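Reading through the structure tokens given below for one structure.
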Amino acid sequence: MSKLAHGEIGILPAGALGVSLHFHLTGGLQHDADRIGFLERPGSRSGAALRSAGELRIEYEGAQHRVALASCLRGDPVTSFREGRLPEVLLVCTNPDQLLDIVSVCVELLEAIEAAGQLRAGGLPFPAVVLCANGIYHQRVRQVFVEKLEEATLFGRLPDLWPDLMPAIVGRWLRGVSIQTGVRDGYGADTVYHPGPPGRTRIAGGASEIRQRVVELCAGRGAWFENAGDVPPTRIEFDKAVVNLASNLIGLLQAIDGEGRFHALKVAEISGVEMRERIDRLAAEVFRIGQKVKAYTADDDLGALTARLHASLDEHRDHVPSSVQWVGMQLCRGRLEARITPTEQWLLEPLIRYAGSAGLPETVAYLEGLKRELLDRLELAAGREANKVGADG
């Protein structure tokens, strides 16, 4: 009978964040490598490329590492369940625009568990799913998850989940807000991963005992995981959103100049004194929205938020923000399009929606202006690259 692989951790997929977490969960590849594996989305091209390469190439503090994938690449979650290797904890490190695909995968996994006669047999073999992607999405994605479960019930693929199974399932749906950094150079078999130093991941939401088990399991392997307790996931998302927008969004506006030239800037170059006023204005607008939707209380202080923001930016001064990396990779592949980058999409759109619902028209206009400015810069960069390719051809 297939049950969860007790004590095992799965990471989906083997991207920049996922490889960084794997590296630190294994003590720099020194222990537990066989109990911390990579999973993939069904039909993933990047997963197929990894299988073809047969190994991960990692560089950390000047040391080169090669990780054979035969022992740690385990296919998609449904396949892992059928093979009896479904991990107890699944850290989801996809791009934010892939999260709804993960919701569908998790529903399919529950359908497979039901088909195997194990959904109501006790000891529910469904992992603690920890969403670690950037963005403000916890409430929305959890709602979509519940809706898809209800739909599966309606069409007879799942039994009635109320009143017992639904709380047990949703209790395993958690948010992991991480400041773990990492860089990915290249593509396919030529990819080299550069994990950043250990960064904190705060676990929020879900059932308290599941949340604590995730922290015990991950922190027990040496990674920096903390239990956020009763702090709502949305508040932690807002805290991280301020940092992400200051480094990624403001970073992209500086990394792409007025003629579309791209420069892979580090946080130190993005957050200099000349940008302090713009970064602080951004933080103030996010804080206003956060207070309106009760992510922040009346007792919270904007000054404290901006102080934490600048401390975080200084701590990661040598890091190239993920969205800046992403645009650089798309340019290298000739695939950059004039559309909002994934992380910014999952930050700006929820913030604009919240601001509109909260009656903050000036904040809506401010954020829409940032969105237009970013689109204009991306269009310049994409156009410049297309013209360059055309000239070379």
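Letters A, B, ... go to the chains of the structure tokens in the order shown; residues in each chain start at 1; ligands are counted from 1 in the same order.
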
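Around segment 154-156 of chain A, within 12 Å and counting only C-alpha atoms, the residues found are Glu111, Glu114, Ala115, Glu147, Lys148, Leu149 and Leu161 of chain A, once anything fewer than 5 positions away on its own chain is removed.
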
- request: With a distance cut-off of 8 Å and only C-alpha atoms, select the neighbouring residues of segment 244-261 of chain A, excluding the residue or stretch itself and same-chain residues fewer than 2 positions from it, and output the selection as a ChimeraX atom specification.
  value: /A:134,240-242,263-265,267,270-271,279,282-283,313,321-324,344,347,373-374,377-384

Distance query segment 22-29 of chain A at most 7 Å, only C-alpha atoms, self and fewer than 3 positions along chain excluded, as a PyMOL selection string: chain A and resi 18-19+32-33+36+198+218+221-223

Please save N, CA and C atoms of the selected residues as a PDB file, in the first residue's frame.
ATOM      1  N   GLY A  18      14.721  26.047  -6.116  1.00  0.00           N
ATOM      2  CA  GLY A  18      14.663  24.654  -5.701  1.00  0.00           C
ATOM      3  C   GLY A  18      16.036  24.048  -5.473  1.00  0.00           C
ATOM      4  N   VAL A  19      16.973  24.324  -6.359  1.00  0.00           N
ATOM      5  CA  VAL A  19      18.321  23.785  -6.199  1.00  0.00           C
ATOM      6  C   VAL A  19      19.004  24.401  -4.985  1.00  0.00           C
ATOM      7  N   ASP A  32      21.805  13.188   3.439  1.00  0.00           N
ATOM      8  CA  ASP A  32      20.381  13.043   3.107  1.00  0.00           C
ATOM      9  C   ASP A  32      20.058  13.262   1.634  1.00  0.00           C
ATOM     10  N   ALA A  33      21.054  13.152   0.754  1.00  0.00           N
ATOM     11  CA  ALA A  33      20.783  13.401  -0.664  1.00  0.00           C
ATOM     12  C   ALA A  33      19.743  12.439  -1.220  1.00  0.00           C
ATOM     13  N   ILE A  36      15.961  13.689  -0.231  1.00  0.00           N
ATOM     14  CA  ILE A  36      15.485  15.005  -0.672  1.00  0.00           C
ATOM     15  C   ILE A  36      15.570  15.015  -2.188  1.00  0.00           C
ATOM     16  N   PRO A 198      22.580  30.558   2.994  1.00  0.00           N
ATOM     17  CA  PRO A 198      21.306  30.151   3.601  1.00  0.00           C
ATOM     18  C   PRO A 198      20.392  31.349   3.858  1.00  0.00           C
ATOM     19  N   CYS A 218      12.496  20.292   7.939  1.00  0.00           N
ATOM     20  CA  CYS A 218      13.424  21.077   7.113  1.00  0.00           C
ATOM     21  C   CYS A 218      14.541  21.697   7.949  1.00  0.00           C
ATOM     22  N   ARG A 221      17.311  19.424   9.061  1.00  0.00           N
ATOM     23  CA  ARG A 221      18.342  19.089   8.084  1.00  0.00           C
ATOM     24  C   ARG A 221      19.288  20.249   7.827  1.00  0.00           C
ATOM     25  N   GLY A 222      19.174  21.286   8.646  1.00  0.00           N
ATOM     26  CA  GLY A 222      20.141  22.376   8.582  1.00  0.00           C
ATOM     27  C   GLY A 222      19.720  23.589   7.792  1.00  0.00           C
ATOM     28  N   ALA A 223      18.554  23.549   7.125  1.00  0.00           N
ATOM     29  CA  ALA A 223      18.099  24.708   6.376  1.00  0.00           C
ATOM     30  C   ALA A 223      17.430  25.706   7.327  1.00  0.00           C
TER      31      ALA A 223
END

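Between atom CA of Ala14 of chain A and atom CA of Asp185 of chain A there is a distance of 13.1 Å.
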
Please report, as a Markdown table, each residue of segment 19-71 of chain A lying at most 10 Å from segment 84-96 of chain A, together with the nearest pair of atoms and the separation in Å rounded to one decimal; use only C-alpha atoms, and order rows by chain and ascending residue number.
| residue | atom | partner | partner_atom | distance |
| --- | --- | --- | --- | --- |
| A:Val19 | CA | A:Cys93 | CA | 9.4 |
| A:Leu21 | CA | A:Leu91 | CA | 9.0 |
| A:His22 | CA | A:Leu91 | CA | 10.0 |
| A:Arg35 | CA | A:Pro87 | CA | 8.5 |
| A:Ile36 | CA | A:Pro87 | CA | 8.3 |
| A:Gly37 | CA | A:Pro87 | CA | 8.3 |
| A:Phe38 | CA | A:Leu90 | CA | 9.3 |
| A:Leu39 | CA | A:Leu90 | CA | 8.7 |
| A:Glu40 | CA | A:Thr94 | CA | 9.5 |
| A:Arg41 | CA | A:Thr94 | CA | 9.3 |

Suppose we keep all heavy atoms; can you now write the selection as a short mmCIF file (atom, residue, chain, number, x, y, z; two decimals), in the first residue's frame?
data_model
loop_
_atom_site.label_atom_id
_atom_site.label_comp_id
_atom_site.auth_asym_id
_atom_site.auth_seq_id
_atom_site.Cartn_x
_atom_site.Cartn_y
_atom_site.Cartn_z
N VAL A 19 16.97 24.32 -6.36
CA VAL A 19 18.32 23.78 -6.20
C VAL A 19 19.00 24.40 -4.98
O VAL A 19 19.72 23.72 -4.25
CB VAL A 19 19.15 23.99 -7.48
CG1 VAL A 19 20.62 23.64 -7.25
CG2 VAL A 19 18.59 23.15 -8.62
N LEU A 21 17.51 25.45 -2.21
CA LEU A 21 16.95 24.80 -1.03
C LEU A 21 17.49 23.38 -0.89
O LEU A 21 17.83 22.95 0.22
CB LEU A 21 15.43 24.78 -1.12
CG LEU A 21 14.73 26.13 -0.95
CD1 LEU A 21 13.24 26.01 -1.22
CD2 LEU A 21 14.97 26.71 0.45
N HIS A 22 17.59 22.65 -1.99
CA HIS A 22 18.14 21.29 -1.95
C HIS A 22 19.57 21.31 -1.42
O HIS A 22 19.96 20.48 -0.58
CB HIS A 22 18.11 20.69 -3.36
CG HIS A 22 18.65 19.30 -3.45
ND1 HIS A 22 20.01 19.05 -3.63
CD2 HIS A 22 18.05 18.09 -3.38
CE1 HIS A 22 20.21 17.74 -3.67
NE2 HIS A 22 19.03 17.13 -3.53
N ARG A 35 17.14 11.38 0.37
CA ARG A 35 15.83 11.62 0.99
C ARG A 35 15.26 12.98 0.64
O ARG A 35 14.22 13.38 1.15
CB ARG A 35 15.94 11.46 2.51
CG ARG A 35 16.33 10.04 2.93
CD ARG A 35 16.43 9.91 4.43
NE ARG A 35 15.17 10.13 5.11
CZ ARG A 35 14.18 9.24 5.17
NH1 ARG A 35 14.31 8.07 4.57
NH2 ARG A 35 13.07 9.50 5.82
N ILE A 36 15.96 13.69 -0.23
CA ILE A 36 15.48 15.00 -0.67
C ILE A 36 15.57 15.02 -2.19
O ILE A 36 16.64 15.21 -2.77
CB ILE A 36 16.32 16.14 -0.05
CG1 ILE A 36 16.24 16.06 1.47
CG2 ILE A 36 15.80 17.50 -0.54
CD1 ILE A 36 17.15 17.00 2.20
N GLY A 37 14.44 14.74 -2.84
CA GLY A 37 14.44 14.57 -4.28
C GLY A 37 13.71 15.68 -5.01
O GLY A 37 12.99 16.50 -4.41
N PHE A 38 13.89 15.71 -6.32
CA PHE A 38 13.23 16.68 -7.17
C PHE A 38 12.04 16.03 -7.87
O PHE A 38 12.14 14.90 -8.37
CB PHE A 38 14.19 17.22 -8.22
CG PHE A 38 15.28 18.09 -7.66
CD1 PHE A 38 16.57 17.61 -7.54
CD2 PHE A 38 15.01 19.39 -7.24
CE1 PHE A 38 17.59 18.40 -7.02
CE2 PHE A 38 16.01 20.19 -6.71
CZ PHE A 38 17.30 19.69 -6.60
N LEU A 39 10.93 16.75 -7.90
CA LEU A 39 9.77 16.33 -8.67
C LEU A 39 9.57 17.32 -9.80
O LEU A 39 10.22 18.38 -9.83
CB LEU A 39 8.52 16.25 -7.80
CG LEU A 39 8.41 15.01 -6.89
CD1 LEU A 39 9.28 15.16 -5.65
CD2 LEU A 39 6.97 14.76 -6.47
N GLU A 40 8.69 17.00 -10.72
CA GLU A 40 8.48 17.87 -11.87
C GLU A 40 7.00 17.91 -12.24
O GLU A 40 6.23 17.05 -11.84
CB GLU A 40 9.30 17.37 -13.07
CG GLU A 40 8.94 15.95 -13.49
CD GLU A 40 9.95 15.37 -14.45
OE1 GLU A 40 10.96 14.80 -13.99
OE2 GLU A 40 9.71 15.47 -15.67
N ARG A 41 6.64 18.93 -12.96
CA ARG A 41 5.28 19.01 -13.49
C ARG A 41 5.14 18.02 -14.65
O ARG A 41 6.07 17.81 -15.41
CB ARG A 41 4.98 20.43 -13.98
CG ARG A 41 4.89 21.46 -12.89
CD ARG A 41 4.58 22.84 -13.45
NE ARG A 41 5.61 23.30 -14.36
CZ ARG A 41 5.39 23.70 -15.60
NH1 ARG A 41 4.16 23.68 -16.11
NH2 ARG A 41 6.39 24.11 -16.37
#

- prompt: Got a sec: who's within 9 Å of segment 63-69 of chain A, counting only C-alpha atoms, leaving out chain neighbours fewer than 4 positions off, as a PyMOL selection string?
  reply: chain A and resi 29+37-38+50-51+53-59+73-74

Would you save the residues of that selection, restricted to N, CA and C atoms, as a short mmCIF file (atom, residue, chain, number, x, y, z; two decimals), in the first residue's frame?
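Written file, out14.cif:
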data_model
loop_
_atom_site.label_atom_id
_atom_site.label_comp_id
_atom_site.auth_asym_id
_atom_site.auth_seq_id
_atom_site.Cartn_x
_atom_site.Cartn_y
_atom_site.Cartn_z
N LEU A 29 25.22 19.21 0.11
CA LEU A 29 25.32 17.90 -0.55
C LEU A 29 26.09 16.88 0.28
N GLY A 37 14.44 14.74 -2.84
CA GLY A 37 14.44 14.57 -4.28
C GLY A 37 13.71 15.68 -5.01
N PHE A 38 13.89 15.71 -6.32
CA PHE A 38 13.23 16.68 -7.17
C PHE A 38 12.04 16.03 -7.87
N LEU A 50 16.56 17.99 -17.92
CA LEU A 50 17.37 17.51 -16.80
C LEU A 50 17.63 16.01 -16.91
N ARG A 51 16.59 15.27 -17.25
CA ARG A 51 16.76 13.83 -17.40
C ARG A 51 17.80 13.51 -18.47
N ALA A 53 20.27 15.45 -19.39
CA ALA A 53 21.60 15.82 -18.90
C ALA A 53 22.15 14.80 -17.92
N GLY A 54 21.26 14.25 -17.09
CA GLY A 54 21.68 13.20 -16.15
C GLY A 54 22.31 13.70 -14.88
N GLU A 55 22.56 15.00 -14.77
CA GLU A 55 23.19 15.53 -13.57
C GLU A 55 22.88 17.01 -13.41
N LEU A 56 23.02 17.48 -12.18
CA LEU A 56 22.97 18.90 -11.88
C LEU A 56 24.38 19.41 -11.68
N ARG A 57 24.67 20.56 -12.25
CA ARG A 57 25.97 21.20 -12.04
C ARG A 57 25.77 22.39 -11.12
N ILE A 58 26.46 22.36 -9.99
CA ILE A 58 26.29 23.38 -8.95
C ILE A 58 27.65 23.99 -8.61
N GLU A 59 27.67 25.30 -8.44
CA GLU A 59 28.87 25.99 -7.99
C GLU A 59 28.53 26.81 -6.75
N LEU A 73 15.78 12.39 -8.96
CA LEU A 73 14.74 12.93 -9.84
C LEU A 73 13.62 11.90 -9.95
N ARG A 74 12.43 12.27 -9.47
CA ARG A 74 11.39 11.27 -9.23
C ARG A 74 10.12 11.45 -10.04
#
